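Asker: Below are the structure tokens for one structure; questions will follow.
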Amino acid sequence: MAGTSYPPMAMPMANTIAVISPQFCVPYPVDLTIVRKLMTLSEGSFGVTDANGNIMFRVKGKLFSLHDRRVLYDSAGNPLITFQQKLLSAHRRWQVYRGESTDAKNLLFSVKKSSLLQFRTKLDVFLASNTAENVCDFRIEGSWLERSCIISSGNSSNIVAQMHRKHSVQSVLLGKDTFGVTVYPNVDHAFITALVVILEEVNEDRSGED
């Protein structure tokens, strides 16, 4: 991990960013591998491992359910958050709740496309406390075709995580989509995992846009 380098504009966050839980914030960079696989025709799954191949998180959910619900579990199988797509949302808004709840009082954050017509991926992230939504709390931006995106804090250049596509013979043969994500120090890596999964879902859903 000591060999991880930062882009010139990016520095480790001085303040801890704990959206889901401070237990997922550590004072060093965390490299994650996220693998998407189709388990059955109706159920999809993401597996998330650290640099040593240890399971960190799993995401499971029904692909064709009414709300497109997903649940993020920790390595022990405990549900951390539930996220679902809001019905009739032009900007493809996803809402994320604590545990297995979908009650408004347990809303943690929401994610939506910053504009309807996009040539490059750009998603805005709003924490539940940001009810006005005049300025986003986090932003996801990059090229989805190349699976190359950065996640930054608000409208600033402070990068909190980066994503890139990982190619391997195994992933090609097994039909899996594999992403590498570097989460910067003191940033909630469960939160970043959730953002990457939503990013994947929003882009996979483009064919169904109005």
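Labels for the structure tokens follow display order: chains A, B, ..., residues from 1 in each chain, ligands from 1.
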What lies within 7 Å of region 107-113 of chain A using only C-alpha atoms, ignoring chain neighbours under 4 positions off, as a list in words?

Answerer: His91, Arg92, Arg93, Trp94, Gln95, Val96, Tyr97, Arg98, Asp103, Lys122, Leu123, Asp124, Val125, Phe126, Leu127 and Ala128 of chain A

Asker: What lies within 10 Å of Asn78 (chain A) using only C-alpha atoms, ignoring chain neighbours under 4 positions off, as a list in words?

Answerer: Phe57, Arg58, Val71, Leu72, Tyr73, Asp74, Gly99 and Glu100 of chain A

Asker: Limited to N, CA, C and O atoms, could you put the picked residues into a file as a compact mmCIF listing (two decimals), in the first residue's frame?

Answerer:
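Contents of the output file out-v4.txt:
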```txt
# COMPACT_ATOMS: atom_id res chain seq x y z
N PHE A 57 -16.96 -6.90 1.22
CA PHE A 57 -18.40 -6.65 1.11
C PHE A 57 -19.00 -7.54 0.03
O PHE A 57 -18.30 -8.02 -0.87
N ARG A 58 -20.31 -7.72 0.13
CA ARG A 58 -21.09 -8.34 -0.94
C ARG A 58 -22.32 -7.49 -1.18
O ARG A 58 -22.87 -6.91 -0.24
N VAL A 71 -28.82 -4.69 -1.52
CA VAL A 71 -28.38 -4.63 -0.13
C VAL A 71 -26.87 -4.87 -0.09
O VAL A 71 -26.37 -5.80 -0.72
N LEU A 72 -26.16 -4.01 0.65
CA LEU A 72 -24.72 -4.16 0.85
C LEU A 72 -24.48 -4.82 2.20
O LEU A 72 -24.95 -4.35 3.23
N TYR A 73 -23.75 -5.96 2.17
CA TYR A 73 -23.45 -6.71 3.38
C TYR A 73 -21.95 -6.61 3.69
O TYR A 73 -21.12 -6.53 2.78
N ASP A 74 -21.61 -6.64 4.98
CA ASP A 74 -20.19 -6.68 5.34
C ASP A 74 -19.67 -8.11 5.22
O ASP A 74 -20.42 -9.03 4.84
N GLY A 99 -29.06 0.00 7.08
CA GLY A 99 -29.56 -1.36 7.32
C GLY A 99 -30.44 -1.85 6.19
O GLY A 99 -30.16 -1.60 5.01
N GLU A 100 -31.50 -2.54 6.52
CA GLU A 100 -32.42 -3.05 5.52
C GLU A 100 -33.68 -2.19 5.42
O GLU A 100 -34.69 -2.61 4.87
```

Asker: Using only C-alpha atoms, can you tell me which of A:Cys136, A:Phe24, A:Gly142, A:Ala104 comes closest to Asn155 (chain A)?

Answerer: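 Answer, going by the shortest atom-to-atom distance: A:Cys136.
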
Asker: For the structure I just gave you, how does DSSP split region 15-199 of chain A - specifically, which residues are strand (DSSP E or B)? Reply as a short mmCIF file (atom, residue, chain, number, x, y, z; two decimals) with C-alpha atoms, in the first residue's frame.

Answerer:
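Saved as part_35.cif:
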```
data_model
loop_
_atom_site.label_atom_id
_atom_site.label_comp_id
_atom_site.auth_asym_id
_atom_site.auth_seq_id
_atom_site.Cartn_x
_atom_site.Cartn_y
_atom_site.Cartn_z
CA ILE A 17 -15.39 11.05 5.75
CA VAL A 30 -7.38 0.98 0.47
CA ASP A 31 -7.30 -0.87 -2.84
CA LEU A 32 -10.51 -2.76 -3.58
CA THR A 33 -11.48 -5.11 -6.38
CA ILE A 34 -15.17 -5.16 -7.27
CA VAL A 35 -16.47 -8.02 -9.42
CA ARG A 36 -19.93 -8.03 -10.93
CA LYS A 37 -21.39 -11.40 -11.83
CA LEU A 38 -24.80 -12.57 -12.98
CA GLU A 43 -30.45 -12.02 -9.31
CA GLY A 44 -27.18 -10.13 -9.66
CA SER A 45 -24.27 -9.94 -7.27
CA PHE A 46 -21.14 -7.91 -6.60
CA GLY A 47 -18.20 -9.22 -4.62
CA VAL A 48 -15.65 -6.82 -3.10
CA THR A 49 -12.18 -7.91 -1.96
CA ILE A 55 -13.88 -10.55 1.16
CA MET A 56 -14.82 -7.04 2.36
CA PHE A 57 -18.40 -6.65 1.11
CA ARG A 58 -21.09 -8.34 -0.94
CA VAL A 59 -23.96 -6.72 -2.78
CA LYS A 60 -27.06 -8.73 -3.63
CA GLY A 61 -30.40 -7.81 -5.08
CA LYS A 62 -33.16 -8.57 -7.51
CA ARG A 70 -29.84 -3.84 -3.55
CA VAL A 71 -28.38 -4.63 -0.13
CA LEU A 72 -24.72 -4.16 0.85
CA TYR A 73 -23.45 -6.71 3.38
CA ASP A 74 -20.19 -6.68 5.34
CA PRO A 79 -26.68 -5.77 6.15
CA LEU A 80 -25.12 -2.29 6.12
CA ILE A 81 -27.31 -0.36 3.69
CA THR A 82 -30.21 -0.83 1.28
CA PHE A 83 -30.33 1.15 -1.94
CA GLN A 84 -33.09 1.36 -4.48
CA GLN A 85 -33.93 3.35 -7.57
CA TRP A 94 -30.99 6.15 -6.24
CA GLN A 95 -31.73 6.44 -2.52
CA VAL A 96 -29.63 4.74 0.14
CA TYR A 97 -30.86 3.80 3.62
CA ARG A 98 -29.25 2.41 6.75
CA LEU A 107 -32.04 7.86 4.52
CA LEU A 108 -28.24 8.30 4.36
CA PHE A 109 -27.71 9.77 0.91
CA SER A 110 -29.02 9.85 -2.65
CA VAL A 111 -27.33 9.80 -6.05
CA LYS A 112 -28.59 11.21 -9.33
CA LYS A 113 -27.35 12.15 -12.77
CA THR A 121 -20.53 10.10 -16.71
CA LYS A 122 -21.38 12.72 -14.08
CA LEU A 123 -23.36 11.88 -10.94
CA ASP A 124 -24.16 14.11 -7.97
CA VAL A 125 -24.27 12.71 -4.43
CA PHE A 126 -26.34 14.41 -1.72
CA LEU A 127 -26.20 13.48 1.96
CA PHE A 138 -19.74 14.43 -3.63
CA ARG A 139 -19.40 14.05 -7.39
CA ILE A 140 -18.61 11.06 -9.61
CA GLU A 141 -17.12 11.93 -12.98
CA GLY A 142 -15.31 10.18 -15.81
CA SER A 143 -15.59 7.86 -18.79
CA SER A 148 -12.24 5.27 -15.48
CA CYS A 149 -13.86 7.57 -12.93
CA ILE A 150 -12.94 9.76 -9.99
CA ILE A 151 -15.03 10.55 -6.92
CA SER A 152 -14.43 13.98 -5.45
CA SER A 153 -15.71 15.98 -2.51
CA ILE A 159 -10.36 13.37 -4.89
CA VAL A 160 -11.55 10.77 -2.38
CA ALA A 161 -11.43 7.67 -4.64
CA GLN A 162 -10.55 6.53 -8.16
CA MET A 163 -11.91 3.66 -10.24
CA HIS A 164 -10.39 1.81 -13.19
CA ARG A 165 -11.26 -1.34 -15.09
CA ASP A 177 -16.94 -7.15 -15.04
CA THR A 178 -14.05 -6.29 -12.73
CA PHE A 179 -13.19 -2.85 -11.35
CA GLY A 180 -10.25 -1.66 -9.32
CA VAL A 181 -10.96 1.11 -6.82
CA THR A 182 -8.45 3.05 -4.73
CA VAL A 183 -10.06 4.68 -1.71
CA VAL A 187 -12.57 7.89 3.51
#
```
